[in-house]
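A short worksheet on the structure shown next.
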Amino acid sequence: MKTACFCIAAISLSIFAAGCGRKAVVTSGSGAMHRHEHKAPHGGTPVVLGAEIFHLEFVLDRPAGKLSVYALDGEMENYIRLTMPLFEVVATVAGAKQPLLFKAVADSATGEKAGDSALFEATAEWLKTVSSFDGVLTKIEIRGTEFTAVAFNFPKGNDKG
């Protein structure tokens, strides 16, 4: 009876964890804890927006001094085109505030343009030499939901889970 109850509970938890699309802590038969995580498709830094409603992925091209941002869904599987032509992140580098203005990138192959793009880029000379900074996304709107003052660290991100 105890074994049957345990099996039902384990199966229920597995179904919940697989279907929810959110972080879940699952205990395996060995007692080890496993966490549901999303993998950044470009190997960059994921920044969570809301309760994993959306993600931004920050990808640094150090030699070019360029930081690219991809707007992605909550599972980091699909691109989300934004109607905003630009957004700002204020980075703190060695105690100094450094604004980064991310502009939409047009791509004729995908039909993306300013006001309808999932890729944004910003350039700055200091990006060629820095390995870490704290940032605040001042404001971004995705599919009618506005996110303001989103703090994160590059390259750690902001996922506390």
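Just so we're on the same page: first chain in the structure tokens is A, next is B, and so on; residues restart at 1 for each chain, and ligands are numbered from 1 in the order they show up.
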
*Write out as a count of residues only each polymer residue whose atoms come within 9 Å of A:Glu88, counting only C-alpha atoms; drop sequence neighbours fewer than 4 positions from it.*
10

_Which of stretch 63-156 of chain A end up as strand (DSSP E or B) when DSSP is run on this backbone - answer as an NGL selection string?_
:A and (66-73 or 79 or 82 or 86-93 or 96-104 or 107 or 112-113 or 116-117 or 119-123 or 133-142 or 145-154)

*asked:* What's around A:Tyr70 at 6 Å? Count only C-alpha atoms, leave out sequence neighbours fewer than 6 positions away in its own chain, and write the answer as a PyMOL selection string.
replied: chain A and resi 56-57+118-119

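All residues of protein, DNA or RNA that reach within 12 Å of A:Leu82, judged by only C-alpha atoms and not counting those fewer than 4 positions away in the chain, are A:Phe54, A:Leu56, A:Val69, A:Tyr70, A:Ala71, A:Leu72, A:Asp73, A:Leu86, A:Phe87, A:Lys103, A:Ala104, A:Val105, A:Glu112, A:Lys113, A:Ala114, A:Gly115, A:Asp116, A:Ser117, A:Ala118, A:Leu119, A:Phe120, A:Ile140, A:Glu141, A:Ile142, A:Arg143, A:Gly144, A:Thr145, A:Glu146.
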
Store the residues of this selection in a file with N, CA and C atoms, as a JSON list (two decimals), in the first residue's frame.
[["chain", "number", "residue", "atom", "x", "y", "z"],
["A", 54, "PHE", "N", 8.71, 35.59, -20.11],
["A", 54, "PHE", "CA", 9.62, 35.79, -21.24],
["A", 54, "PHE", "C", 11.04, 35.75, -20.71],
["A", 56, "LEU", "N", 15.16, 37.28, -21.91],
["A", 56, "LEU", "CA", 16.08, 37.94, -22.81],
["A", 56, "LEU", "C", 17.39, 37.18, -22.69],
["A", 69, "VAL", "N", 20.99, 41.05, -27.87],
["A", 69, "VAL", "CA", 19.91, 40.57, -27.01],
["A", 69, "VAL", "C", 18.85, 39.93, -27.88],
["A", 70, "TYR", "N", 18.49, 38.70, -27.52],
["A", 70, "TYR", "CA", 17.42, 37.98, -28.20],
["A", 70, "TYR", "C", 16.21, 37.94, -27.27],
["A", 71, "ALA", "N", 15.04, 38.29, -27.77],
["A", 71, "ALA", "CA", 13.79, 38.19, -27.01],
["A", 71, "ALA", "C", 13.22, 36.80, -27.26],
["A", 72, "LEU", "N", 12.95, 36.08, -26.16],
["A", 72, "LEU", "CA", 12.51, 34.69, -26.26],
["A", 72, "LEU", "C", 11.31, 34.43, -25.37],
["A", 73, "ASP", "N", 10.61, 33.34, -25.65],
["A", 73, "ASP", "CA", 9.46, 32.96, -24.83],
["A", 73, "ASP", "C", 9.92, 32.42, -23.48],
["A", 86, "LEU", "N", 13.70, 50.14, -29.81],
["A", 86, "LEU", "CA", 14.89, 50.17, -28.97],
["A", 86, "LEU", "C", 14.51, 50.10, -27.50],
["A", 87, "PHE", "N", 15.49, 49.77, -26.67],
["A", 87, "PHE", "CA", 15.33, 49.81, -25.22],
["A", 87, "PHE", "C", 16.69, 50.07, -24.60],
["A", 103, "LYS", "N", 19.27, 48.63, -30.10],
["A", 103, "LYS", "CA", 18.43, 48.95, -31.27],
["A", 103, "LYS", "C", 18.05, 47.67, -31.99],
["A", 104, "ALA", "N", 16.82, 47.64, -32.50],
["A", 104, "ALA", "CA", 16.33, 46.49, -33.26],
["A", 104, "ALA", "C", 17.20, 46.27, -34.49],
["A", 105, "VAL", "N", 17.45, 44.99, -34.78],
["A", 105, "VAL", "CA", 18.27, 44.62, -35.94],
["A", 105, "VAL", "C", 17.34, 44.13, -37.05],
["A", 112, "GLU", "N", 12.45, 40.73, -40.42],
["A", 112, "GLU", "CA", 12.48, 41.57, -39.23],
["A", 112, "GLU", "C", 12.98, 42.97, -39.56],
["A", 113, "LYS", "N", 12.43, 43.94, -38.83],
["A", 113, "LYS", "CA", 12.81, 45.34, -39.00],
["A", 113, "LYS", "C", 12.56, 46.05, -37.67],
["A", 114, "ALA", "N", 12.99, 47.29, -37.56],
["A", 114, "ALA", "CA", 12.73, 48.06, -36.34],
["A", 114, "ALA", "C", 11.23, 48.10, -36.12],
["A", 115, "GLY", "N", 10.81, 47.76, -34.91],
["A", 115, "GLY", "CA", 9.39, 47.70, -34.60],
["A", 115, "GLY", "C", 8.77, 46.33, -34.84],
["A", 116, "ASP", "N", 9.60, 45.37, -35.29],
["A", 116, "ASP", "CA", 9.15, 44.00, -35.52],
["A", 116, "ASP", "C", 10.37, 43.09, -35.57],
["A", 117, "SER", "N", 11.09, 43.01, -34.43],
["A", 117, "SER", "CA", 12.33, 42.25, -34.39],
["A", 117, "SER", "C", 12.49, 41.56, -33.04],
["A", 118, "ALA", "N", 13.18, 40.42, -33.06],
["A", 118, "ALA", "CA", 13.51, 39.69, -31.82],
["A", 118, "ALA", "C", 14.97, 39.88, -31.45],
["A", 119, "LEU", "N", 15.74, 40.57, -32.30],
["A", 119, "LEU", "CA", 17.17, 40.77, -32.05],
["A", 119, "LEU", "C", 17.48, 42.25, -31.92],
["A", 120, "PHE", "N", 18.24, 42.58, -30.87],
["A", 120, "PHE", "CA", 18.64, 43.95, -30.58],
["A", 120, "PHE", "C", 20.14, 43.96, -30.30],
["A", 140, "ILE", "N", 10.86, 47.60, -20.83],
["A", 140, "ILE", "CA", 10.63, 46.87, -22.08],
["A", 140, "ILE", "C", 9.19, 46.38, -22.07],
["A", 141, "GLU", "N", 8.57, 46.39, -23.24],
["A", 141, "GLU", "CA", 7.20, 45.88, -23.37],
["A", 141, "GLU", "C", 7.20, 44.72, -24.34],
["A", 142, "ILE", "N", 6.62, 43.61, -23.89],
["A", 142, "ILE", "CA", 6.52, 42.42, -24.73],
["A", 142, "ILE", "C", 5.08, 41.95, -24.72],
["A", 143, "ARG", "N", 4.48, 41.95, -25.88],
["A", 143, "ARG", "CA", 3.10, 41.48, -26.06],
["A", 143, "ARG", "C", 2.13, 42.07, -25.03],
["A", 144, "GLY", "N", 2.24, 43.38, -24.84],
["A", 144, "GLY", "CA", 1.33, 44.09, -23.96],
["A", 144, "GLY", "C", 1.68, 44.07, -22.49],
["A", 145, "THR", "N", 2.75, 43.38, -22.12],
["A", 145, "THR", "CA", 3.18, 43.36, -20.73],
["A", 145, "THR", "C", 4.45, 44.19, -20.59],
["A", 146, "GLU", "N", 4.43, 45.14, -19.65],
["A", 146, "GLU", "CA", 5.57, 46.02, -19.44],
["A", 146, "GLU", "C", 6.39, 45.55, -18.25]]

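Atom CA of A:Met76 is positioned 26.7 Å from atom CA of A:Lys128.
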
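By only C-alpha atoms, and with residues fewer than 3 positions from A:Leu67 along its chain excluded, the set lying at most 6 Å from it is Val59, Leu60, Glu121 and Ala122 of chain A.
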
Only C-alpha atoms, please: the residues just picked out, written as a PDB file, in the first residue's frame.
ATOM      1  CA  VAL A  59      25.331  37.489 -25.924  1.00  0.00           C
ATOM      2  CA  LEU A  60      28.658  39.335 -25.824  1.00  0.00           C
ATOM      3  CA  GLU A 121      22.248  45.174 -30.428  1.00  0.00           C
ATOM      4  CA  ALA A 122      24.267  47.765 -28.542  1.00  0.00           C
TER       5      ALA A 122
END

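In this model, the gap between atom CA of A:Leu127 and atom CA of A:Asn153 comes to 14.0 Å.
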